[in-house]
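A.B. asks: Contents are compact mmCIF, C-alpha atoms and all ligand atoms; file name coords-v1.txt:
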```
# COMPACT_ATOMS: atom_id res chain seq x y z
CA MET A 5 -40.32 15.79 0.82
CA ILE A 6 -39.63 19.04 -0.97
CA PHE A 7 -36.62 19.24 -3.23
CA GLY A 8 -35.53 22.64 -4.41
CA PHE A 9 -32.85 22.43 -7.05
CA GLY A 10 -31.53 25.19 -9.27
CA LYS A 11 -34.01 26.45 -11.84
CA LYS A 12 -35.59 23.09 -12.64
CA LYS A 13 -39.25 23.08 -13.43
CA GLN A 14 -41.74 21.25 -11.26
CA GLN A 15 -42.57 18.81 -14.06
CA GLU A 16 -38.96 17.72 -14.32
CA GLU A 17 -38.82 17.35 -10.55
CA ASP A 18 -41.79 14.99 -10.64
CA ASP A 19 -40.26 12.94 -13.44
CA HIS A 20 -37.05 12.75 -11.51
CA ASP A 21 -38.78 11.37 -8.41
CA GLU A 22 -40.64 8.74 -10.37
CA GLU A 23 -37.55 7.32 -12.02
CA LEU A 24 -35.54 7.26 -8.82
CA GLU A 25 -33.93 3.93 -8.15
CA LEU A 26 -33.03 3.28 -4.52
CA ILE A 27 -29.46 2.87 -3.38
CA SER A 28 -28.54 -0.32 -1.55
CA PHE A 29 -26.49 -0.06 1.63
CA GLN A 30 -24.10 -2.96 2.13
CA GLY A 31 -22.80 -2.17 5.60
CA PRO A 32 -19.97 -0.19 7.16
CA VAL A 33 -16.63 0.08 5.30
CA SER A 34 -14.95 -1.09 8.51
CA GLY A 35 -16.42 -3.06 11.42
CA PRO A 36 -19.24 -5.59 11.77
CA PRO A 37 -22.58 -5.17 9.93
CA PRO A 38 -25.33 -3.40 11.91
CA ASN A 39 -28.00 -5.51 13.58
CA LEU A 40 -31.22 -4.11 12.09
CA ASN A 41 -33.39 -6.46 14.19
CA GLU A 42 -32.36 -4.61 17.35
CA ASN A 43 -34.10 -1.44 16.19
CA PRO A 44 -37.18 -2.38 14.13
CA GLY A 45 -38.91 0.94 14.92
CA LEU A 46 -35.98 3.00 13.70
CA VAL A 47 -35.60 0.87 10.57
CA ARG A 48 -39.32 1.34 9.76
CA ALA A 49 -39.17 5.10 10.29
CA GLY A 50 -35.79 5.85 8.73
CA LEU A 51 -34.47 3.31 6.24
CA ILE A 52 -36.58 4.09 3.15
CA PRO A 53 -36.48 7.90 3.64
CA ALA A 54 -32.69 7.68 4.16
CA LYS A 55 -32.32 5.68 0.94
CA GLU A 56 -34.54 8.19 -0.87
CA ILE A 57 -32.58 11.29 0.07
CA VAL A 58 -29.20 9.63 -0.56
CA SER A 59 -30.39 8.20 -3.92
CA ASP A 60 -31.69 11.61 -4.95
CA ALA A 61 -28.33 13.22 -4.13
CA VAL A 62 -26.40 10.44 -5.93
CA SER A 63 -28.59 10.72 -9.03
CA ARG A 64 -27.83 14.45 -9.17
CA ASP A 65 -24.06 13.80 -8.97
CA ALA A 66 -23.88 15.59 -5.62
CA SER A 67 -20.58 15.20 -3.78
CA MET A 68 -22.11 16.24 -0.49
CA LEU A 69 -25.49 16.41 1.19
CA ARG A 70 -26.02 18.20 4.50
CA LEU A 71 -28.96 17.92 6.89
CA ASP A 72 -28.86 20.63 9.53
CA PRO A 73 -31.29 20.65 12.47
CA LYS A 74 -32.95 24.10 12.60
CA GLY A 75 -36.03 24.94 14.69
CA ALA A 76 -38.88 22.55 14.00
CA GLY A 77 -37.10 20.61 11.24
CA TYR A 78 -34.01 19.97 9.18
CA ILE A 79 -32.68 22.17 6.35
CA GLY A 80 -30.88 20.38 3.54
CA MET A 81 -28.05 21.56 1.30
CA MET A 82 -26.29 19.80 -1.58
CA MET A 83 -22.99 20.40 -3.32
CA VAL A 84 -22.74 19.53 -7.00
CA ASP A 85 -19.38 20.27 -8.67
CA GLY A 86 -18.49 22.64 -5.85
CA MET A 87 -21.74 24.68 -6.14
CA LYS A 88 -24.35 24.86 -3.39
CA TYR A 89 -27.96 23.91 -4.08
CA PRO A 90 -30.91 23.71 -1.72
CA GLY A 91 -31.58 20.19 -0.47
CA PRO A 92 -34.58 18.50 1.17
CA ARG A 93 -36.49 20.10 4.04
CA LEU A 94 -37.53 17.54 6.59
CA GLN A 95 -39.65 17.42 9.70
CA LYS A 96 -37.74 16.97 12.92
CA GLN A 97 -38.81 13.37 13.49
CA GLN A 98 -37.96 12.25 9.98
CA GLY A 99 -34.61 14.06 9.88
CA THR A 100 -33.64 12.51 13.20
CA ALA A 101 -34.65 9.01 12.04
CA ILE A 102 -32.61 9.42 8.83
CA THR A 103 -29.58 10.63 10.77
CA GLN A 104 -29.82 7.76 13.25
CA ILE A 105 -30.26 5.04 10.60
CA LEU A 106 -27.30 6.36 8.57
CA LYS A 107 -25.14 6.40 11.71
CA MET A 108 -26.14 2.79 12.32
CA MET A 109 -25.38 1.76 8.72
CA ALA A 110 -21.93 3.38 8.99
CA GLY A 111 -21.16 1.44 12.16
CA LEU A 112 -21.41 4.50 14.45
CA SER A 113 -23.02 4.61 17.88
CA ILE A 114 -26.67 5.66 17.78
CA GLN A 115 -26.71 6.15 21.56
CA GLU A 116 -23.96 8.78 21.29
CA ARG A 117 -25.47 12.15 20.32
CA LYS A 118 -23.07 14.62 21.91
CA LYS A 119 -19.77 13.82 20.20
CA PRO A 120 -18.56 14.10 16.58
CA GLN A 121 -18.46 10.75 14.78
CA ARG A 122 -17.30 9.67 11.35
CA GLY A 123 -17.72 6.44 9.41
CA SER A 124 -18.45 5.11 5.94
CA ILE A 125 -21.06 2.94 4.28
CA LYS A 126 -20.36 0.62 1.34
CA ALA A 127 -23.15 1.11 -1.17
CA ASP A 128 -24.29 0.22 -4.66
CA TYR A 129 -26.30 2.45 -6.99
CA GLU A 130 -27.23 1.36 -10.52
CA GLY A 131 -24.47 -1.26 -10.46
CA GLN A 132 -21.73 1.18 -9.43
CA PRO A 133 -19.83 0.96 -6.12
CA TYR A 134 -20.08 3.98 -3.81
CA ASP A 135 -18.48 5.14 -0.60
CA ILE A 136 -21.00 7.07 1.49
CA ALA A 137 -19.13 8.84 4.31
CA ILE A 138 -21.23 9.88 7.31
CA ASP A 139 -19.92 12.82 9.30
CA ILE A 140 -21.74 13.86 12.48
CA THR A 141 -21.21 17.17 14.27
CA PRO A 142 -23.26 18.00 17.39
CA THR A 143 -24.84 21.49 17.31
CA PRO A 144 -26.99 23.25 19.95
CA GLU A 145 -30.09 22.07 18.00
CA GLY A 146 -29.11 18.43 17.51
CA GLU A 147 -26.74 16.58 15.22
CA ARG A 148 -25.62 18.02 11.89
CA LEU A 149 -25.24 15.29 9.26
CA ASN A 150 -22.79 15.69 6.38
CA ILE A 151 -22.90 12.90 3.81
CA TYR A 152 -19.94 12.73 1.40
CA ILE A 153 -20.59 10.73 -1.75
CA ALA A 154 -17.88 9.13 -3.89
CA ASN A 155 -18.43 6.91 -6.91
CA LEU A 156 -15.49 4.54 -6.58
CA LYS A 157 -15.58 3.62 -10.26
CA THR A 158 -15.67 7.07 -11.83
CA ARG A 159 -13.66 8.96 -9.17
CA PRO A 160 -10.53 10.42 -10.83
CA ASN A 161 -7.48 8.40 -9.91
CA LYS A 162 -4.80 8.78 -12.58
CA PRO A 163 -2.67 11.98 -12.39
CA GLU A 164 -4.01 13.29 -15.73
CA GLU A 165 -7.63 12.69 -14.68
CA ILE A 166 -6.99 14.61 -11.46
CA GLY A 167 -5.54 17.57 -13.38
CA ILE A 168 -1.78 17.07 -13.03
CA SER A 169 -0.12 18.38 -16.21
CA GLU A 170 2.75 16.58 -17.94
CA THR A 171 5.07 19.39 -16.81
CA LEU A 172 4.10 19.03 -13.15
CA LYS A 173 4.36 15.25 -13.38
CA GLU A 174 7.87 15.62 -14.80
CA LYS A 175 8.80 17.95 -11.89
CA ILE A 176 7.50 15.42 -9.35
CA ARG A 177 9.57 12.70 -11.03
CA GLU A 178 12.69 14.87 -10.90
CA MET A 179 12.09 15.46 -7.21
CA ALA A 180 11.62 11.73 -6.56
CA ALA A 181 14.91 11.07 -8.38
CA THR A 182 16.84 12.98 -5.67
CA ARG A 183 15.61 10.34 -3.17
CA GLU A 184 15.14 12.81 -0.34
CA GLY A 185 12.89 15.59 0.91
CA TYR A 186 9.30 16.15 2.00
CA ILE A 187 6.69 16.97 -0.65
CA GLY A 188 3.72 18.38 1.26
CA VAL A 189 0.30 18.69 -0.37
CA CYS A 190 -2.19 21.24 1.02
CA GLY A 191 -5.36 23.07 -0.01
CA GLY A 192 -8.47 24.80 1.31
CA SER A 193 -11.67 23.11 2.38
CA ARG A 194 -13.32 21.02 -0.35
CA SER A 195 -10.18 21.28 -2.51
CA GLY A 196 -10.10 17.52 -3.11
CA LEU A 197 -6.94 17.29 -1.02
CA THR A 198 -6.74 13.51 -0.71
CA THR A 199 -7.41 13.09 -4.45
CA SER A 200 -4.61 15.56 -5.23
CA THR A 201 -2.22 13.78 -2.87
CA VAL A 202 -3.00 10.42 -4.48
CA GLY A 203 -2.28 12.08 -7.85
CA VAL A 204 1.12 13.31 -6.61
CA VAL A 205 2.01 9.84 -5.28
CA ARG A 206 0.93 8.26 -8.57
CA SER A 207 3.05 10.74 -10.54
CA VAL A 208 6.17 9.06 -9.14
CA ASP A 209 7.38 6.30 -11.45
CA ALA A 210 6.54 3.27 -9.31
CA TYR A 211 8.36 0.95 -11.75
CA VAL A 212 11.64 2.70 -11.00
CA TYR A 213 11.25 3.57 -7.31
CA GLY A 214 10.05 1.60 -4.32
CA VAL A 215 6.92 3.51 -3.24
CA TYR A 216 5.47 2.48 0.16
CA LYS A 217 2.41 3.69 1.98
CA VAL A 218 2.41 3.41 5.75
CA PHE A 219 -1.27 3.95 6.57
CA ASP A 220 -4.75 2.77 5.66
CA THR A 221 -6.00 4.79 2.67
CA GLY A 222 -9.55 3.39 3.01
CA THR A 223 -11.26 2.98 -0.35
CA TRP A 224 -8.28 4.44 -2.26
CA ASP A 225 -6.53 1.74 -4.19
CA ILE A 226 -3.15 2.97 -5.45
CA PRO A 227 -1.61 0.61 -8.02
CA TYR A 228 2.07 -0.43 -7.70
CA VAL A 229 2.34 1.11 -4.23
CA THR A 230 3.44 -1.34 -1.52
CA ASP A 231 1.31 -1.49 1.60
CA PHE A 232 3.80 -1.27 4.46
CA GLU A 233 2.20 -2.76 7.59
CA ARG A 234 2.26 -0.50 10.61
CA GLU A 235 2.94 -2.80 13.55
CA GLU A 236 0.89 -2.78 16.73
CA GLY A 237 2.13 -0.05 19.10
CA HIS A 238 4.52 1.50 16.57
CA ASP A 239 4.29 5.25 16.21
CA LEU A 240 4.79 7.23 12.99
CA GLU A 241 8.53 7.69 13.52
CA THR A 242 9.19 3.98 14.10
CA THR A 243 7.08 3.00 11.11
CA VAL A 244 8.73 5.49 8.72
CA THR A 245 12.18 4.44 9.97
CA ARG A 246 11.33 0.76 9.39
CA ALA A 247 10.09 1.53 5.86
CA GLN A 248 13.32 3.42 5.14
CA ARG A 249 15.39 0.44 6.39
CA ALA A 250 13.32 -1.72 4.03
CA GLU A 251 14.67 0.49 1.23
CA ALA A 252 11.66 2.61 0.46
CA ASP A 253 12.57 5.37 -2.00
CA VAL A 254 9.27 7.19 -1.53
CA ILE A 255 6.91 6.95 1.48
CA TYR A 256 3.28 8.07 1.45
CA VAL A 257 2.48 9.14 5.03
CA PRO A 258 -0.85 9.96 6.74
CA PRO A 259 -1.98 13.61 6.94
CA ILE A 260 0.00 15.67 9.48
CA THR A 261 -2.21 16.52 12.46
CA SER A 262 0.31 17.79 15.02
CA GLU A 263 3.60 19.60 15.53
CA GLU A 264 5.10 16.31 16.70
CA GLU A 265 4.26 14.54 13.41
CA ALA A 266 5.48 17.50 11.34
CA LYS A 267 8.86 17.35 13.12
CA VAL A 268 9.18 13.58 12.60
CA ILE A 269 8.36 13.84 8.89
CA ILE A 270 10.72 16.75 8.17
CA GLU A 271 13.54 15.05 10.11
CA ARG A 272 13.07 11.66 8.42
CA ALA A 273 12.90 13.31 4.96
CA SER A 274 16.72 13.31 4.79
CA LYS A 275 16.61 9.52 4.28
CA SER A 276 13.94 9.20 1.54
CA VAL A 277 11.27 11.15 -0.28
CA ILE A 278 8.18 11.55 1.92
CA ILE A 279 4.82 12.60 0.44
CA GLY A 280 1.74 13.51 2.47
CA GLU A 281 -0.95 16.08 3.04
CA PHE A 282 -1.10 18.73 5.73
CA PRO A 283 -3.70 21.35 6.65
CA ALA A 284 -3.07 24.80 5.11
CA LYS A 285 -5.15 26.78 2.62
CA ASP A 286 -2.36 27.57 0.15
CA ALA A 287 1.37 27.21 -0.48
CA VAL A 288 2.32 30.46 1.26
CA SER A 289 0.44 29.71 4.48
CA GLY A 290 1.62 26.09 4.17
CA LEU A 291 5.28 27.13 4.30
CA LEU A 292 4.60 29.43 7.28
CA GLN A 293 2.74 26.60 9.05
CA LEU A 294 5.53 24.05 8.51
CA ASN A 295 8.06 26.60 9.77
CA LYS A 296 6.00 27.19 12.91
CA TRP A 297 5.71 23.45 13.58
CA VAL A 298 9.29 22.50 12.83
CA GLY A 299 10.86 25.57 14.49
CA ASN A 300 14.22 24.93 12.82
CA GLN A 301 14.81 26.99 9.67
CA GLU A 302 17.99 25.20 8.69
CA LEU A 303 16.32 21.78 8.88
CA LEU A 304 13.23 22.98 6.98
CA ALA A 305 15.32 24.65 4.25
CA SER A 306 17.29 21.47 3.62
CA ASN A 307 14.60 18.79 4.07
CA LEU A 308 11.51 20.37 2.53
CA LYS A 309 11.43 19.71 -1.19
CA ALA A 310 8.19 21.35 -2.29
CA ILE A 311 4.67 22.34 -1.33
CA ILE A 312 1.94 21.51 -3.81
CA THR A 313 -1.46 23.18 -3.52
CA SER A 314 -4.61 22.41 -5.44
CA LYS A 315 -7.94 24.09 -6.05
CA LEU A 316 -10.95 22.65 -7.87
CA ILE A 317 -12.56 24.17 -10.95
CA ARG A 318 -15.61 23.02 -12.92
CA LYS A 319 -15.14 21.43 -16.32
CA LEU A 320 -17.21 22.61 -19.29
CA CYS A 321 -19.86 20.11 -20.36
CA PRO A 322 -18.30 18.34 -23.37
CA SER A 323 -21.71 17.98 -25.04
CA CYS A 324 -22.74 21.62 -25.21
CA LYS A 325 -19.60 23.77 -24.80
CA GLN A 326 -19.19 26.40 -27.51
CA ALA A 327 -16.02 27.49 -29.27
CA TYR A 328 -15.31 31.15 -29.99
CA ALA A 329 -12.39 33.00 -31.54
CA PRO A 330 -10.73 35.01 -28.79
CA ASN A 331 -9.83 38.65 -29.24
CA PRO A 332 -6.00 39.00 -29.61
CA LYS A 333 -6.00 41.86 -27.06
CA LEU A 334 -7.69 39.59 -24.52
CA LEU A 335 -5.16 36.82 -25.16
CA ALA A 336 -2.28 39.22 -24.58
CA LYS A 337 -3.87 40.60 -21.42
CA ILE A 338 -4.35 37.22 -19.77
CA GLY A 339 -1.05 35.81 -20.98
CA LEU A 340 -2.18 33.19 -23.49
CA SER A 341 -0.38 32.59 -26.76
CA LYS A 342 -1.63 34.73 -29.65
CA GLU A 343 -1.68 31.49 -31.65
CA THR A 344 -4.68 30.35 -29.59
CA LYS A 345 -7.34 29.83 -32.23
CA ALA A 346 -10.33 28.93 -30.07
CA LEU A 347 -11.47 29.14 -26.50
CA TYR A 348 -14.61 27.59 -25.11
CA ARG A 349 -17.48 28.83 -23.03
CA HIS A 350 -20.74 27.42 -21.75
CA ARG A 351 -23.85 27.75 -23.85
CA VAL A 352 -26.33 30.32 -22.55
CA GLN A 353 -30.01 30.18 -23.37
CA PRO A 354 -31.12 33.48 -24.99
CA GLN A 355 -33.64 35.53 -22.97
CA GLU A 356 -36.02 35.46 -25.90
CA LEU A 357 -35.89 33.13 -28.87
CA GLN A 358 -35.87 34.68 -32.34
CA LYS A 359 -38.68 33.69 -34.68
CA GLY A 360 -38.14 30.13 -35.92
CA GLU A 361 -35.39 29.56 -33.39
CA THR A 362 -35.58 26.60 -31.00
CA TRP A 363 -33.71 25.65 -27.89
CA ASP A 364 -32.80 22.08 -27.06
CA SER A 365 -31.81 21.42 -23.50
CA CYS A 366 -28.54 19.55 -23.00
CA PRO A 367 -29.39 16.09 -21.67
CA LYS A 368 -25.91 15.72 -20.22
CA CYS A 369 -25.73 18.79 -17.96
CA GLN A 370 -29.37 20.02 -17.91
CA ASP A 371 -28.07 23.37 -19.24
CA VAL A 372 -25.79 24.00 -16.26
CA GLY A 373 -23.00 24.16 -18.86
CA TYR A 374 -20.50 22.41 -16.60
CA GLN A 375 -20.02 18.84 -15.56
CA GLY A 376 -17.45 17.44 -13.14
CA GLN A 377 -14.41 19.12 -11.66
CA VAL A 378 -10.66 19.03 -12.11
CA ALA A 379 -7.84 20.39 -9.96
CA MET A 380 -5.50 23.30 -10.71
CA PHE A 381 -2.09 23.08 -9.09
CA GLU A 382 0.50 25.38 -7.59
CA LEU A 383 4.10 24.35 -6.93
CA LEU A 384 6.32 26.06 -4.38
CA GLU A 385 9.78 24.56 -4.85
CA MET A 386 12.62 24.77 -2.38
CA THR A 387 14.98 26.49 -4.80
CA GLU A 388 18.20 28.03 -3.49
CA GLY A 389 16.42 31.38 -3.41
CA MET A 390 13.51 29.93 -1.40
CA GLN A 391 15.94 28.28 1.02
CA GLU A 392 17.44 31.73 1.63
CA VAL A 393 13.94 33.12 2.30
CA VAL A 394 13.31 30.36 4.87
CA ARG A 395 16.65 31.02 6.56
CA SER A 396 16.39 34.81 6.67
CA LYS A 397 12.98 36.49 6.39
CA LEU A 398 10.02 34.18 6.16
CA THR A 399 7.07 36.49 5.40
CA PRO A 400 4.16 35.99 2.97
CA ASP A 401 5.52 38.80 0.76
CA ALA A 402 9.02 37.36 0.66
CA ILE A 403 7.63 33.92 -0.30
CA ARG A 404 5.47 35.38 -3.09
CA THR A 405 8.33 37.50 -4.46
CA GLN A 406 10.60 34.45 -4.54
CA MET A 407 7.93 32.33 -6.29
CA LYS A 408 7.77 35.03 -9.00
CA LYS A 409 11.57 34.98 -9.37
CA ASP A 410 11.46 31.18 -9.62
CA ASP A 411 8.74 31.43 -12.27
CA ALA A 412 6.73 29.00 -10.13
CA LEU A 413 3.65 27.20 -11.41
CA THR A 414 0.71 29.07 -9.84
CA LEU A 415 -2.99 28.22 -9.63
CA GLN A 416 -3.71 31.05 -12.09
CA LYS A 417 -1.18 29.79 -14.65
CA ASP A 418 -2.40 26.21 -14.35
CA GLY A 419 -6.00 27.43 -14.63
CA LEU A 420 -5.14 29.30 -17.85
CA ARG A 421 -3.67 26.08 -19.23
CA LEU A 422 -7.06 24.43 -18.63
CA VAL A 423 -8.76 27.36 -20.39
CA ALA A 424 -6.38 27.10 -23.37
CA GLU A 425 -7.03 23.35 -23.56
CA GLY A 426 -10.78 23.99 -23.65
CA ILE A 427 -11.38 22.05 -20.44
CA THR A 428 -12.84 25.05 -18.65
CA SER A 429 -13.84 28.64 -19.46
CA LEU A 430 -12.38 32.04 -18.61
CA GLU A 431 -15.65 32.90 -16.83
CA GLU A 432 -15.32 29.84 -14.61
CA LEU A 433 -11.68 30.66 -13.85
CA GLN A 434 -12.70 34.18 -12.79
CA ARG A 435 -15.55 32.82 -10.66
CA THR A 436 -13.25 30.34 -8.93
CA PHE A 437 -10.82 33.04 -7.87
CA LYS A 438 -13.58 35.40 -6.77
CA SER A 439 -15.21 32.92 -4.42
ZN ZN B 501 -24.26 20.23 -21.51
```
Here is the file; what I need is its structure written in the form of structure tokens.
C.D. replies:
Amino acid sequence: MIFGFGKKKQQEEDDHDEELELISFQGPVSGPPPNLNENPGLVRAGLIPAKEIVSDAVSRDASMLRLDPKGAGYIGMMMVDGMKYPGPRLQKQQGTAITQILKMMAGLSIQERKKPQRGSIKADYEGQPYDIAIDITPTPEGERLNIYIANLKTRPNKPEEIGISETLKEKIREMAATREGYIGVCGGSRSGLTTSTVGVVRSVDAYVYGVYKVFDTGTWDIPYVTDFEREEGHDLETTVTRAQRAEADVIYVPPITSEEEAKVIIERASKSVIIGEFPAKDAVSGLLQLNKWVGNQELLASNLKAIITSKLIRKLCPSCKQAYAPNPKLLAKIGLSKETKALYRHRVQPQELQKGETWDSCPKCQDVGYQGQVAMFELLEMTEGMQEVVRSKLTPDAIRTQMKKDDALTLQKDGLRLVAEGITSLEELQRTFKS
């Protein structure tokens, strides 16, 4: 197998392979364990190579690994902290065996090769629990395999770990205190949408309010939130209504997937706070989308409380980040306080070392300069002004103008907070908004 990865030297690559411990697969997250004895040939051909490529990705802190059938083989791609890196290149036979064995381990059908399938494997790597999600998409050349990797122990879970500031948390609490309205969470692809939504739910004070969730959140364990059983044959509306009769103050609902569900949620939001995610790339398009689904401006203006959007940004490596004194002109230009004494940036290796100078690589980030990600947030609130916009002239420009008037929290402002706190760099903030 050939692994291409950033600028690493071949020697380091070899060392990496030697030390590699293999992941152990413990069966599908839901459903019965696979019967390996039924397919001894497939197990022989695919199990060890599958463990090797997944272990390699896990050991590099990848959040995603893709194997794409192309011509005579498979082309791999990895995502680490939101950045793309080349992955393994495999021969057709091996790539197919790996795909099939991972489908089997996730409880998917290995006979089915023409339809999308999705499942998850429980796994253990170096004593840590992992969720390995297997996502299959048929392409003209075979099946594309996307593997999503989550370390269940280190995955951010508390609002502050996810990136929710004290100010935003306070806002969410104020909204929950009104005991009504829909708080919709949206974001672009790979924006960590579910993580952000969990953070919003956890920002509500669950000691004070009855917070219920009415769907299976898989491996997400949300403390102090009551699991409200959805009864056999009950649709979303019946379930939410039952939860409201059971005196839920706040209900965490499944992601909206249709106009029907959007209507139910906005209508029921007059009886309690409802929090959930919905597909839209940002707050502006989110409001337009909800309006299109609901088709009733008056209802939307009164029952929508807020739209929260998130976007991920890389965090500076805490071991090697460097402080510098920012130029006062720069601070004024980007809107940071002139009292800001230090900002941080990632350490860059000089092109040529001066005489007597040495360079020690950072063992924590291998000189990438960044490690891990955190979310920036945007908050579109249904202020009186925004209600007027919904009722009269709902255009992207009108929404943006109103957000300015409301002095809304924007992704840029929240990103600058992270820069001021030394969590990320100005360079990274610029890169995030360029891409
Ligand atoms: Zn470092």
A.B. asks: Pick the closest to ligand ZN 501 (chain B) from A:Val58, A:Ala266, A:Leu320, A:Cys369: which is it, counting all atoms listed in the file?
C.D. replies: A:Cys369
A.B. asks: I'd like the contact shell of Asn295 (chain A) - 12 Å cut-off, all atoms listed in the file, skipping same-chain residues fewer than 4 positions apart - returned as a list in words.
C.D. replies: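 Returned residues: Glu263, Ala266, Lys267, Ile270, Val288, Ser289, Gly290, Leu291, Gly299, Asn300, Gln301, Glu302, Leu303, Leu304, Ala305, Asn307, Leu308, Gln391, Val393, Val394, Arg395, Lys397, Leu398 and Thr399 of chain A.
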A.B. asks: Contacts between ligand ZN 501 (chain B) and chain A, please, where a residue of chain A counts if it comes within 12 Å (with all atoms listed in the file); show its shortest atom pair and distance in Å to one decimal, rows by chain and ascending number, as a tab-separated table.
C.D. replies:
```
residue	atom	partner	partner_atom	distance
A:Lys319	CA	B:ZN501	ZN	10.6
A:Leu320	CA	B:ZN501	ZN	7.8
A:Cys321	CA	B:ZN501	ZN	4.5
A:Pro322	CA	B:ZN501	ZN	6.5
A:Ser323	CA	B:ZN501	ZN	4.9
A:Cys324	CA	B:ZN501	ZN	4.2
A:Lys325	CA	B:ZN501	ZN	6.7
A:Gln326	CA	B:ZN501	ZN	10.0
A:Arg349	CA	B:ZN501	ZN	11.1
A:His350	CA	B:ZN501	ZN	8.0
A:Arg351	CA	B:ZN501	ZN	7.9
A:Val352	CA	B:ZN501	ZN	10.4
A:Gln353	CA	B:ZN501	ZN	11.6
A:Asp364	CA	B:ZN501	ZN	10.4
A:Ser365	CA	B:ZN501	ZN	7.9
A:Cys366	CA	B:ZN501	ZN	4.6
A:Pro367	CA	B:ZN501	ZN	6.6
A:Lys368	CA	B:ZN501	ZN	5.0
A:Cys369	CA	B:ZN501	ZN	4.1
A:Gln370	CA	B:ZN501	ZN	6.3
A:Asp371	CA	B:ZN501	ZN	5.4
A:Val372	CA	B:ZN501	ZN	6.6
A:Gly373	CA	B:ZN501	ZN	4.9
A:Tyr374	CA	B:ZN501	ZN	6.6
A:Gln375	CA	B:ZN501	ZN	7.4
A:Gly376	CA	B:ZN501	ZN	11.1
```
A.B. asks: Could you turn the residues from that selection into a file that holds C-alpha atoms, as a short mmCIF file (atom, residue, chain, number, x, y, z; two decimals), in the frame of the given file?
C.D. replies:
```
data_model
loop_
_atom_site.label_atom_id
_atom_site.label_comp_id
_atom_site.auth_asym_id
_atom_site.auth_seq_id
_atom_site.Cartn_x
_atom_site.Cartn_y
_atom_site.Cartn_z
CA LYS A 319 -15.14 21.43 -16.32
CA LEU A 320 -17.21 22.61 -19.29
CA CYS A 321 -19.86 20.11 -20.36
CA PRO A 322 -18.30 18.34 -23.37
CA SER A 323 -21.71 17.98 -25.04
CA CYS A 324 -22.74 21.62 -25.21
CA LYS A 325 -19.60 23.77 -24.80
CA GLN A 326 -19.19 26.40 -27.51
CA ARG A 349 -17.48 28.83 -23.03
CA HIS A 350 -20.74 27.42 -21.75
CA ARG A 351 -23.85 27.75 -23.85
CA VAL A 352 -26.33 30.32 -22.55
CA GLN A 353 -30.01 30.18 -23.37
CA ASP A 364 -32.80 22.08 -27.06
CA SER A 365 -31.81 21.42 -23.50
CA CYS A 366 -28.54 19.55 -23.00
CA PRO A 367 -29.39 16.09 -21.67
CA LYS A 368 -25.91 15.72 -20.22
CA CYS A 369 -25.73 18.79 -17.96
CA GLN A 370 -29.37 20.02 -17.91
CA ASP A 371 -28.07 23.37 -19.24
CA VAL A 372 -25.79 24.00 -16.26
CA GLY A 373 -23.00 24.16 -18.86
CA TYR A 374 -20.50 22.41 -16.60
CA GLN A 375 -20.02 18.84 -15.56
CA GLY A 376 -17.45 17.44 -13.14
#
```
A.B. asks: How many Å separate CA of Ala66 (chain A) from CA of Ile427 (chain A)?
C.D. replies: 20.4 Å
A.B. asks: Neighbourhood query: residues within 8 Å of (-36.1, 16.9, 6.4), file coordinates, counting only C-alpha atoms; return as JSON, numbers by chain.
C.D. replies: {"A": [5, 71, 77, 78, 79, 80, 92, 93, 94, 95, 96, 98, 99]}
A.B. asks: If you count all atoms listed in the file, which residues fall within 7 Å of Pro73 (chain A), apart from same-chain ones fewer than 6 positions away, as a PDB file with C-alpha atoms, in the frame of the given file?
C.D. replies:
```pdb
ATOM      1  CA  ILE A  79     -32.680  22.170   6.350  1.00  0.00           C
ATOM      2  CA  GLU A 145     -30.090  22.070  18.000  1.00  0.00           C
ATOM      3  CA  GLY A 146     -29.110  18.430  17.510  1.00  0.00           C
ATOM      4  CA  GLU A 147     -26.740  16.580  15.220  1.00  0.00           C
ATOM      5  CA  ARG A 148     -25.620  18.020  11.890  1.00  0.00           C
TER       6      ARG A 148
END
```
A.B. asks: One decimal, in Å: what's the spacing between CA of Ile311 (chain A) and CA of Arg404 (chain A)?
C.D. replies: 13.2 Å
A.B. asks: What does the distance between CA of Pro160 (chain A) and CA of Gly196 (chain A) come to in Å, to one decimal place?
C.D. replies: 10.5 Å
A.B. asks: Measuring atom to atom with all atoms listed in the file, identify which of A:Asp85, A:Asp410, A:Glu388, A:Glu25 is nearest to Ser195 (chain A).
C.D. replies: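 Answer, going by the shortest atom-to-atom distance: A:Asp85.
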A.B. asks: Please give the centre and size of the box around region 329-344 of chain A (axis-aligned, containing every atom listed in the file, 5 Å added per side), with values in Å to one decimal and written as AutoDock Vina command-line options.
C.D. replies:
```
--center_x -6.4 --center_y 36.1 --center_z -25.7 --size_x 22.0 --size_y 21.5 --size_z 21.9
```
A.B. asks: So, counting all atoms listed in the file, which residue among A:Thr201, A:Thr103, A:Thr223, A:Ser207 is closest to Leu51 (chain A)?
C.D. replies: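 The shortest atom-to-atom distance to Leu51 (chain A) comes from A:Thr103.
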A.B. asks: Considering all atoms listed in the file, can you say which of A:Arg234, A:Arg318, A:Lys309, A:Lys88 comes closest to Gly167 (chain A)?
C.D. replies: A:Arg318
